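The structure file data-v5.csv is reproduced below (CSV, C-alpha atoms).
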```csv
chain,number,residue,atom,x,y,z
A,23,GLN,CA,-10.0,-9.5,-5.7
A,24,GLN,CA,-6.6,-9.9,-4.0
A,25,PRO,CA,-3.7,-10.8,-6.3
A,26,VAL,CA,-1.7,-13.9,-5.5
A,27,GLN,CA,2.0,-13.5,-4.8
A,28,SER,CA,4.6,-16.3,-5.0
A,29,PRO,CA,6.8,-17.4,-3.4
A,30,GLN,CA,5.8,-16.4,0.2
A,31,ALA,CA,9.4,-16.2,1.2
A,32,VAL,CA,12.9,-16.5,-0.3
A,33,ILE,CA,16.4,-16.6,1.2
A,34,LEU,CA,19.3,-15.6,-0.9
A,35,ARG,CA,23.0,-15.1,-0.6
A,36,GLU,CA,24.4,-11.8,-1.7
A,37,GLY,CA,24.8,-11.7,-5.5
A,38,GLU,CA,22.1,-14.2,-6.2
A,39,ASP,CA,19.0,-13.5,-8.3
A,40,ALA,CA,15.3,-13.7,-7.3
A,41,VAL,CA,12.0,-13.5,-9.1
A,42,ILE,CA,8.7,-12.6,-7.4
A,43,ASN,CA,5.4,-13.2,-9.1
A,44,CYS,CA,2.0,-11.6,-8.8
A,45,SER,CA,-1.0,-13.0,-10.5
A,46,SER,CA,-4.6,-12.0,-11.0
A,47,SER,CA,-7.6,-14.0,-12.3
A,48,LYS,CA,-8.8,-11.0,-14.3
A,49,ALA,CA,-7.1,-8.4,-16.5
A,50,LEU,CA,-5.7,-5.5,-14.6
A,51,TYR,CA,-5.5,-1.7,-15.2
A,52,SER,CA,-2.1,-1.6,-13.5
A,53,VAL,CA,0.3,-3.3,-11.2
A,54,HIS,CA,2.7,-1.6,-8.9
A,55,TRP,CA,5.5,-2.9,-6.7
A,56,TYR,CA,6.6,-1.9,-3.2
A,57,ARG,CA,9.3,-2.9,-0.7
A,58,GLN,CA,8.6,-2.6,3.0
A,59,LYS,CA,11.2,-3.0,5.7
A,60,HIS,CA,10.3,-4.0,9.2
A,61,GLY,CA,8.6,-1.2,11.1
A,62,GLU,CA,8.6,1.1,8.1
A,63,ALA,CA,6.0,2.2,5.4
A,64,PRO,CA,6.0,0.6,2.0
A,65,VAL,CA,8.3,2.3,-0.6
A,66,PHE,CA,7.2,2.5,-4.2
A,67,LEU,CA,9.4,0.7,-6.7
A,68,MET,CA,7.6,1.0,-10.0
A,69,ILE,CA,4.3,0.8,-11.8
A,70,LEU,CA,3.4,-1.0,-15.0
A,71,LEU,CA,0.4,0.0,-17.1
A,72,LYS,CA,0.8,-1.6,-20.5
A,73,GLY,CA,0.6,-5.3,-21.5
A,74,GLY,CA,4.0,-6.6,-22.5
A,75,GLU,CA,5.7,-3.8,-20.7
A,76,GLN,CA,9.1,-4.2,-19.0
A,77,LYS,CA,10.7,-1.5,-17.0
A,78,GLY,CA,13.3,-0.8,-14.3
A,79,HIS,CA,17.0,-0.9,-14.4
A,80,GLU,CA,19.7,-3.6,-14.4
A,81,LYS,CA,19.3,-4.6,-10.8
A,82,ILE,CA,15.6,-4.3,-10.2
A,83,SER,CA,13.1,-4.6,-13.0
A,84,ALA,CA,9.6,-5.8,-13.6
A,85,SER,CA,7.4,-7.2,-16.4
A,86,PHE,CA,3.7,-7.2,-17.1
A,87,ASN,CA,2.4,-9.9,-19.4
A,88,GLU,CA,0.4,-9.3,-22.6
A,89,LYS,CA,-2.9,-10.3,-21.0
A,90,LYS,CA,-2.2,-8.0,-18.1
A,91,GLN,CA,-2.9,-10.7,-15.5
A,92,GLN,CA,0.6,-11.4,-14.3
A,93,SER,CA,3.6,-9.4,-13.3
A,94,SER,CA,7.1,-10.5,-12.2
A,95,LEU,CA,9.7,-8.5,-10.2
A,96,TYR,CA,13.3,-9.4,-11.0
A,97,LEU,CA,16.0,-8.7,-8.4
A,98,THR,CA,19.5,-9.3,-9.9
A,99,ALA,CA,22.8,-9.6,-8.0
A,100,SER,CA,21.0,-9.1,-4.7
A,101,GLN,CA,22.5,-6.8,-2.0
A,102,LEU,CA,21.9,-6.9,1.7
A,103,SER,CA,19.8,-3.8,1.3
A,104,TYR,CA,17.3,-5.7,-0.8
A,105,SER,CA,16.0,-7.5,2.3
A,106,GLY,CA,12.4,-6.8,3.1
A,107,THR,CA,8.9,-7.7,2.2
A,108,TYR,CA,7.8,-7.0,-1.4
A,109,PHE,CA,4.2,-6.3,-2.2
A,110,CYS,CA,2.4,-6.0,-5.5
A,111,GLY,CA,-0.6,-3.7,-5.7
A,112,THR,CA,-3.1,-4.1,-8.5
A,113,GLU,CA,-5.9,-2.0,-9.9
A,114,ARG,CA,-8.8,-3.4,-11.9
A,115,ARG,CA,-9.6,0.2,-12.7
A,116,ALA,CA,-7.9,3.5,-11.9
A,117,GLY,CA,-8.3,4.3,-8.2
A,118,LYS,CA,-8.7,1.3,-5.9
A,119,SER,CA,-5.5,-0.6,-5.1
A,120,THR,CA,-5.6,-4.2,-3.8
A,121,PHE,CA,-2.4,-5.7,-2.4
A,122,GLY,CA,-1.0,-9.2,-2.2
A,123,ASP,CA,0.1,-10.7,1.0
A,124,GLY,CA,3.8,-10.1,0.3
A,125,THR,CA,7.0,-12.0,-0.4
A,126,THR,CA,9.6,-11.8,2.3
A,127,LEU,CA,13.1,-11.6,0.9
A,128,THR,CA,16.1,-12.3,3.1
A,129,VAL,CA,19.6,-11.6,1.7
A,130,LYS,CA,22.4,-13.1,3.7
A,131,PRO,CA,26.1,-12.3,3.4
B,16,ASP,CA,8.1,19.2,1.0
B,17,THR,CA,8.9,16.4,3.5
B,18,GLY,CA,6.5,13.8,2.3
B,19,VAL,CA,3.3,12.4,3.7
B,20,SER,CA,2.9,12.8,7.5
B,21,GLN,CA,0.5,11.2,9.9
B,22,ASP,CA,-0.5,12.0,13.4
B,23,PRO,CA,-0.5,10.5,15.9
B,24,ARG,CA,2.2,7.8,15.3
B,25,HIS,CA,0.8,5.6,18.1
B,26,LYS,CA,-2.6,5.5,19.7
B,27,ILE,CA,-3.7,3.2,22.6
B,28,THR,CA,-7.3,3.3,23.4
B,29,LYS,CA,-9.9,1.3,25.3
B,30,ARG,CA,-12.6,-0.7,23.5
B,31,GLY,CA,-15.6,1.4,22.8
B,32,GLN,CA,-13.8,4.7,22.5
B,33,ASN,CA,-13.6,6.9,19.4
B,34,VAL,CA,-10.3,7.7,17.7
B,35,THR,CA,-9.4,10.1,14.9
B,36,PHE,CA,-6.2,10.0,12.8
B,37,ARG,CA,-4.9,12.7,10.6
B,38,CYS,CA,-3.0,12.5,7.3
B,39,ASP,CA,-1.2,15.4,5.6
B,40,PRO,CA,-0.4,14.4,2.0
B,41,ILE,CA,2.3,15.8,-0.3
B,42,SER,CA,0.9,19.2,-1.2
B,43,GLU,CA,0.3,18.9,-4.9
B,44,HIS,CA,-1.1,15.4,-4.7
B,45,ASN,CA,-4.8,15.2,-5.6
B,46,ARG,CA,-5.4,11.6,-4.6
B,47,LEU,CA,-5.3,10.3,-1.0
B,48,TYR,CA,-5.7,6.8,0.2
B,49,TRP,CA,-6.3,5.1,3.5
B,50,TYR,CA,-5.2,1.5,4.2
B,51,ARG,CA,-5.1,-0.8,7.2
B,52,GLN,CA,-2.2,-3.3,7.6
B,53,THR,CA,-1.9,-6.1,10.1
B,54,LEU,CA,1.2,-8.2,10.8
B,55,GLY,CA,2.1,-10.4,7.9
B,56,GLN,CA,-0.5,-9.0,5.5
B,57,GLY,CA,-0.4,-6.4,2.7
B,58,PRO,CA,-2.1,-3.1,3.1
B,59,GLU,CA,-5.9,-3.4,2.9
B,60,PHE,CA,-7.7,-0.7,1.0
B,61,LEU,CA,-10.1,1.3,3.1
B,62,THR,CA,-11.0,4.4,1.0
B,63,TYR,CA,-9.7,7.0,-1.3
B,64,PHE,CA,-10.3,10.6,-2.3
B,65,GLN,CA,-9.8,12.5,-5.5
B,66,ASN,CA,-9.3,16.1,-4.2
B,67,GLU,CA,-12.2,16.5,-1.6
B,68,ALA,CA,-14.5,13.8,-3.2
B,69,GLN,CA,-14.5,10.4,-1.5
B,70,LEU,CA,-14.7,8.1,-4.6
B,71,GLU,CA,-14.7,4.7,-3.1
B,72,LYS,CA,-15.0,3.0,0.3
B,73,SER,CA,-14.3,-0.6,1.0
B,74,ARG,CA,-17.3,-2.8,1.6
B,75,LEU,CA,-15.3,-4.5,4.3
B,76,LEU,CA,-15.7,-1.4,6.4
B,77,SER,CA,-18.5,-1.1,8.8
B,78,ASP,CA,-20.3,2.2,9.5
B,79,ARG,CA,-18.0,2.8,12.4
B,80,PHE,CA,-15.4,4.0,10.0
B,81,SER,CA,-15.6,7.4,8.3
B,82,ALA,CA,-13.1,9.6,6.5
B,83,GLU,CA,-13.1,13.2,5.3
B,84,ARG,CA,-10.9,15.4,3.2
B,85,PRO,CA,-12.8,18.7,3.5
B,86,LYS,CA,-10.6,21.0,1.5
B,87,GLY,CA,-8.9,18.5,-0.6
B,88,SER,CA,-5.7,18.8,1.5
B,89,PHE,CA,-5.4,16.9,4.8
B,90,SER,CA,-7.7,14.0,5.6
B,91,THR,CA,-9.0,12.5,8.8
B,92,LEU,CA,-10.1,8.9,9.5
B,93,GLU,CA,-12.4,8.3,12.5
B,94,ILE,CA,-13.2,5.0,14.1
B,95,GLN,CA,-16.2,5.0,16.4
B,96,ARG,CA,-16.8,2.5,19.2
B,97,THR,CA,-13.4,0.8,18.6
B,98,GLU,CA,-13.1,-3.0,18.9
B,99,GLN,CA,-10.0,-5.1,19.5
B,100,GLY,CA,-10.1,-6.2,15.9
B,101,ASP,CA,-9.4,-2.6,14.9
B,102,SER,CA,-5.9,-2.9,16.2
B,103,ALA,CA,-3.6,-2.4,13.2
B,104,MET,CA,-1.3,0.0,11.4
B,105,TYR,CA,-3.3,2.7,9.6
B,106,LEU,CA,-1.5,3.9,6.5
B,107,CYS,CA,-2.1,7.0,4.4
B,108,ALA,CA,-0.7,7.4,0.9
B,109,SER,CA,-0.9,10.2,-1.6
B,110,LEU,CA,-0.5,10.3,-5.3
B,111,GLU,CA,-0.4,12.8,-8.2
B,112,ASP,CA,-2.3,11.5,-11.2
B,113,SER,CA,0.3,12.2,-13.8
B,114,TYR,CA,2.9,10.1,-12.1
B,115,ASN,CA,0.9,7.2,-10.5
B,116,GLU,CA,3.5,6.8,-7.7
B,117,GLN,CA,2.0,6.3,-4.2
B,118,PHE,CA,3.9,7.8,-1.4
B,119,PHE,CA,3.1,6.3,2.0
B,120,GLY,CA,3.2,8.0,5.3
B,121,PRO,CA,4.8,6.4,8.4
B,122,GLY,CA,1.4,5.1,9.6
B,123,THR,CA,-0.5,5.3,12.9
B,124,ARG,CA,-0.3,2.2,15.0
B,125,LEU,CA,-3.6,1.7,16.8
B,126,THR,CA,-3.9,-0.6,19.8
B,127,VAL,CA,-7.3,-1.3,21.3
B,128,LEU,CA,-7.3,-2.7,24.8
```
Would you write the structure of this file as structure tokens?
Amino acid sequence: QQPVQSPQAVILREGEDAVINCSSSKALYSVHWYRQKHGEAPVFLMILLKGGEQKGHEKISASFNEKKQQSSLYLTASQLSYSGTYFCGTERRAGKSTFGDGTTLTVKP
Amino acid sequence: DTGVSQDPRHKITKRGQNVTFRCDPISEHNRLYWYRQTLGQGPEFLTYFQNEAQLEKSRLLSDRFSAERPKGSFSTLEIQRTEQGDSAMYLCASLEDSYNEQFFGPGTRLTVL
């Protein structure tokens, strides 16, 4: 079952913050986040396995809610290099990953 | 180690032909995944291997698709009797169980004429 990502697209000015959400109708084993730039392969950002978990660093972090059905990716003080499409990948059990349709982030000077 | 590699990077074929793609994962990675990605969509799961064992295959795939990982190292994905709807980017990713981080290869872009 494909996770639902929101918003589909967001446009920011440098220095602004963004939140990208990823939701599932059922509890997940894990959620992982990737960034993909045009014409390139997805690049792993982080994985969350535990309900209530938060990880990352000051600029890019993510959370996983207690029910393990929703995750959010936080981009703080965005930089031009943050532009790209962000995907969440989810696992209902270890092994098969199902990806959302992505959120396109554009950071303007 | 230079990461996951895929060959070829681009393939143009005529409808009805068979094509085979190769993926070389990072050497110590025991899990290997194949995905298909079309423009504006996220990667779509096709199949994955734990060492040489194919543990799951998407029900979306027809029998025209087959994948192997004979010695638990490189993998091949074959598409028989290609159709125009098979045109997409085919991505391979590998992962080592302890770290859960998927490393993607650059992909093979397939165009079926």
(message) For a quick test of understanding: name the residues of chain B lying within 8 Å of chain A when counting all atoms listed in the file, and present them as a PyMOL selection string.
(response) chain B and resi 55-60+62-63+71+106+115-122
Write the residues of the preceding selection, restricted to C-alpha atoms, as a compact mmCIF listing (two decimals), in the frame of the given file.
```
# COMPACT_ATOMS: atom_id res chain seq x y z
CA GLY B 55 2.10 -10.40 7.90
CA GLN B 56 -0.50 -9.00 5.50
CA GLY B 57 -0.40 -6.40 2.70
CA PRO B 58 -2.10 -3.10 3.10
CA GLU B 59 -5.90 -3.40 2.90
CA PHE B 60 -7.70 -0.70 1.00
CA THR B 62 -11.00 4.40 1.00
CA TYR B 63 -9.70 7.00 -1.30
CA GLU B 71 -14.70 4.70 -3.10
CA LEU B 106 -1.50 3.90 6.50
CA ASN B 115 0.90 7.20 -10.50
CA GLU B 116 3.50 6.80 -7.70
CA GLN B 117 2.00 6.30 -4.20
CA PHE B 118 3.90 7.80 -1.40
CA PHE B 119 3.10 6.30 2.00
CA GLY B 120 3.20 8.00 5.30
CA PRO B 121 4.80 6.40 8.40
CA GLY B 122 1.40 5.10 9.60
```
(message) Report, in Å to a single decimal, how far apart CA of Tyr51 in chain A and CA of Gln76 in chain A are.
(response)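 CA of Tyr51 in chain A lies at a distance of 15.3 Å from CA of Gln76 in chain A.
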(request) Find the residues near Leu70 in chain B: any atom within 12 Å, counting only C-alpha atoms, skip ones fewer than 2 places away on the same chain, and give them as a ChimeraX atom specification. (result) /A:116-118 /B:46-48,61-68,72-73,82-84
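Restricting the calculation to all atoms listed in the file, the smallest distance between Cys44 in chain A and any of A:Gln30, A:Ser105, A:Thr112, A:Ser93 is found for A:Ser93.
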(request) Using CA of Lys59 in chain A and CA of Ser45 in chain A as the two end points, give the distance in Å to one decimal. (result) 22.6 Å
Quick one: everything within 8 Å of Ser83 in chain A, counting all atoms listed in the file, minus sequence neighbours fewer than 3 positions away in the same chain. Send it as a compact mmCIF listing (two decimals) with C-alpha atoms, in the coordinates of the input.
```txt
# COMPACT_ATOMS: atom_id res chain seq x y z
CA GLN A 76 9.10 -4.20 -19.00
CA LYS A 77 10.70 -1.50 -17.00
CA GLY A 78 13.30 -0.80 -14.30
CA HIS A 79 17.00 -0.90 -14.40
CA GLU A 80 19.70 -3.60 -14.40
CA LEU A 95 9.70 -8.50 -10.20
CA TYR A 96 13.30 -9.40 -11.00
CA LEU A 97 16.00 -8.70 -8.40
```
(request) Give me, please, the distance in Å between CA of Ser77 in chain B and CA of Val26 in chain A, quoted to one decimal. (result) 25.5 Å
(request) Just the residues within 12 Å of Asp78 in chain B, please, counting only C-alpha atoms, with nothing from its chain fewer than 6 positions along; format it as number ranges by chain. (result) B: 72, 93-97
Store the residues of this selection in a file with C-alpha atoms, as a PDB file, keeping the file's coordinate frame.
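Output file selection-v6.pdb follows:
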```
ATOM      1  CA  LYS B  72     -15.000   3.000   0.300  1.00  0.00           C
ATOM      2  CA  GLU B  93     -12.400   8.300  12.500  1.00  0.00           C
ATOM      3  CA  ILE B  94     -13.200   5.000  14.100  1.00  0.00           C
ATOM      4  CA  GLN B  95     -16.200   5.000  16.400  1.00  0.00           C
ATOM      5  CA  ARG B  96     -16.800   2.500  19.200  1.00  0.00           C
ATOM      6  CA  THR B  97     -13.400   0.800  18.600  1.00  0.00           C
TER       7      THR B  97
END
```
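Residues of protein, DNA or RNA having at least one counted atom within 12 Å of (21.6, -10.6, -11.5), given all atoms listed in the file, are A:Leu34, A:Arg35, A:Glu36, A:Gly37, A:Glu38, A:Asp39, A:Ala40, A:Val41, A:His79, A:Glu80, A:Lys81, A:Ile82, A:Ser83, A:Tyr96, A:Leu97, A:Thr98, A:Ala99, A:Ser100, A:Gln101.
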Kindly save the residues from that selection, with C-alpha atoms included, as a PDB file, keeping the file's coordinate frame.
```
ATOM      1  CA  LEU A  34      19.300 -15.600  -0.900  1.00  0.00           C
ATOM      2  CA  ARG A  35      23.000 -15.100  -0.600  1.00  0.00           C
ATOM      3  CA  GLU A  36      24.400 -11.800  -1.700  1.00  0.00           C
ATOM      4  CA  GLY A  37      24.800 -11.700  -5.500  1.00  0.00           C
ATOM      5  CA  GLU A  38      22.100 -14.200  -6.200  1.00  0.00           C
ATOM      6  CA  ASP A  39      19.000 -13.500  -8.300  1.00  0.00           C
ATOM      7  CA  ALA A  40      15.300 -13.700  -7.300  1.00  0.00           C
ATOM      8  CA  VAL A  41      12.000 -13.500  -9.100  1.00  0.00           C
ATOM      9  CA  HIS A  79      17.000  -0.900 -14.400  1.00  0.00           C
ATOM     10  CA  GLU A  80      19.700  -3.600 -14.400  1.00  0.00           C
ATOM     11  CA  LYS A  81      19.300  -4.600 -10.800  1.00  0.00           C
ATOM     12  CA  ILE A  82      15.600  -4.300 -10.200  1.00  0.00           C
ATOM     13  CA  SER A  83      13.100  -4.600 -13.000  1.00  0.00           C
ATOM     14  CA  TYR A  96      13.300  -9.400 -11.000  1.00  0.00           C
ATOM     15  CA  LEU A  97      16.000  -8.700  -8.400  1.00  0.00           C
ATOM     16  CA  THR A  98      19.500  -9.300  -9.900  1.00  0.00           C
ATOM     17  CA  ALA A  99      22.800  -9.600  -8.000  1.00  0.00           C
ATOM     18  CA  SER A 100      21.000  -9.100  -4.700  1.00  0.00           C
ATOM     19  CA  GLN A 101      22.500  -6.800  -2.000  1.00  0.00           C
TER      20      GLN A 101
END
```
Could you add the missing atoms to range 100-116 of chain B, up to N, CA, C and O atoms, and return them as a PDB file, keeping the file's coordinate frame?
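The file below, selection17.pdb, is the result:
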```pdb
ATOM      1  N   GLY B 100     -10.470  -5.877  17.291  1.00  0.00           N
ATOM      2  CA  GLY B 100     -10.100  -6.200  15.900  1.00  0.00           C
ATOM      3  C   GLY B 100      -9.697  -5.038  15.072  1.00  0.00           C
ATOM      4  O   GLY B 100      -9.186  -5.222  13.963  1.00  0.00           O
ATOM      5  N   ASP B 101      -9.883  -3.834  15.585  1.00  0.00           N
ATOM      6  CA  ASP B 101      -9.400  -2.600  14.900  1.00  0.00           C
ATOM      7  C   ASP B 101      -7.956  -2.379  15.057  1.00  0.00           C
ATOM      8  O   ASP B 101      -7.382  -1.526  14.376  1.00  0.00           O
ATOM      9  N   SER B 102      -7.333  -3.090  15.981  1.00  0.00           N
ATOM     10  CA  SER B 102      -5.900  -2.900  16.200  1.00  0.00           C
ATOM     11  C   SER B 102      -5.132  -3.226  14.944  1.00  0.00           C
ATOM     12  O   SER B 102      -5.261  -4.308  14.373  1.00  0.00           O
ATOM     13  N   ALA B 103      -4.335  -2.268  14.490  1.00  0.00           N
ATOM     14  CA  ALA B 103      -3.600  -2.400  13.200  1.00  0.00           C
ATOM     15  C   ALA B 103      -2.782  -1.161  13.000  1.00  0.00           C
ATOM     16  O   ALA B 103      -2.843  -0.201  13.767  1.00  0.00           O
ATOM     17  N   MET B 104      -2.012  -1.189  11.906  1.00  0.00           N
ATOM     18  CA  MET B 104      -1.300   0.000  11.400  1.00  0.00           C
ATOM     19  C   MET B 104      -2.222   0.653  10.381  1.00  0.00           C
ATOM     20  O   MET B 104      -2.659  -0.028   9.442  1.00  0.00           O
ATOM     21  N   TYR B 105      -2.516   1.935  10.527  1.00  0.00           N
ATOM     22  CA  TYR B 105      -3.300   2.700   9.600  1.00  0.00           C
ATOM     23  C   TYR B 105      -2.394   3.537   8.720  1.00  0.00           C
ATOM     24  O   TYR B 105      -1.728   4.428   9.234  1.00  0.00           O
ATOM     25  N   LEU B 106      -2.369   3.250   7.432  1.00  0.00           N
ATOM     26  CA  LEU B 106      -1.500   3.900   6.500  1.00  0.00           C
ATOM     27  C   LEU B 106      -2.211   4.880   5.614  1.00  0.00           C
ATOM     28  O   LEU B 106      -3.304   4.571   5.145  1.00  0.00           O
ATOM     29  N   CYS B 107      -1.601   6.001   5.365  1.00  0.00           N
ATOM     30  CA  CYS B 107      -2.100   7.000   4.400  1.00  0.00           C
ATOM     31  C   CYS B 107      -1.115   7.068   3.268  1.00  0.00           C
ATOM     32  O   CYS B 107       0.100   6.956   3.489  1.00  0.00           O
ATOM     33  N   ALA B 108      -1.613   7.243   2.072  1.00  0.00           N
ATOM     34  CA  ALA B 108      -0.700   7.400   0.900  1.00  0.00           C
ATOM     35  C   ALA B 108      -1.315   8.493   0.019  1.00  0.00           C
ATOM     36  O   ALA B 108      -2.533   8.678  -0.026  1.00  0.00           O
ATOM     37  N   SER B 109      -0.451   9.213  -0.672  1.00  0.00           N
ATOM     38  CA  SER B 109      -0.900  10.200  -1.600  1.00  0.00           C
ATOM     39  C   SER B 109      -0.255  10.014  -2.966  1.00  0.00           C
ATOM     40  O   SER B 109       0.794   9.380  -3.068  1.00  0.00           O
ATOM     41  N   LEU B 110      -0.894  10.573  -3.972  1.00  0.00           N
ATOM     42  CA  LEU B 110      -0.500  10.300  -5.300  1.00  0.00           C
ATOM     43  C   LEU B 110      -0.894  11.485  -6.211  1.00  0.00           C
ATOM     44  O   LEU B 110      -1.949  12.087  -5.993  1.00  0.00           O
ATOM     45  N   GLU B 111      -0.057  11.795  -7.180  1.00  0.00           N
ATOM     46  CA  GLU B 111      -0.400  12.800  -8.200  1.00  0.00           C
ATOM     47  C   GLU B 111      -0.692  12.057  -9.469  1.00  0.00           C
ATOM     48  O   GLU B 111       0.136  11.244  -9.905  1.00  0.00           O
ATOM     49  N   ASP B 112      -1.845  12.305 -10.068  1.00  0.00           N
ATOM     50  CA  ASP B 112      -2.300  11.500 -11.200  1.00  0.00           C
ATOM     51  C   ASP B 112      -1.346  11.288 -12.313  1.00  0.00           C
ATOM     52  O   ASP B 112      -1.279  10.223 -12.917  1.00  0.00           O
ATOM     53  N   SER B 113      -0.582  12.305 -12.610  1.00  0.00           N
ATOM     54  CA  SER B 113       0.300  12.200 -13.800  1.00  0.00           C
ATOM     55  C   SER B 113       1.433  11.200 -13.559  1.00  0.00           C
ATOM     56  O   SER B 113       1.986  10.690 -14.532  1.00  0.00           O
ATOM     57  N   TYR B 114       1.763  10.904 -12.312  1.00  0.00           N
ATOM     58  CA  TYR B 114       2.900  10.100 -12.100  1.00  0.00           C
ATOM     59  C   TYR B 114       2.589   8.697 -11.477  1.00  0.00           C
ATOM     60  O   TYR B 114       3.402   7.795 -11.515  1.00  0.00           O
ATOM     61  N   ASN B 115       1.375   8.523 -10.945  1.00  0.00           N
ATOM     62  CA  ASN B 115       0.900   7.200 -10.500  1.00  0.00           C
ATOM     63  C   ASN B 115       1.796   6.593  -9.375  1.00  0.00           C
ATOM     64  O   ASN B 115       1.714   5.402  -9.152  1.00  0.00           O
ATOM     65  N   GLU B 116       2.620   7.347  -8.732  1.00  0.00           N
ATOM     66  CA  GLU B 116       3.500   6.800  -7.700  1.00  0.00           C
ATOM     67  C   GLU B 116       2.876   7.137  -6.332  1.00  0.00           C
ATOM     68  O   GLU B 116       2.729   8.304  -5.988  1.00  0.00           O
TER      69      GLU B 116
END
```
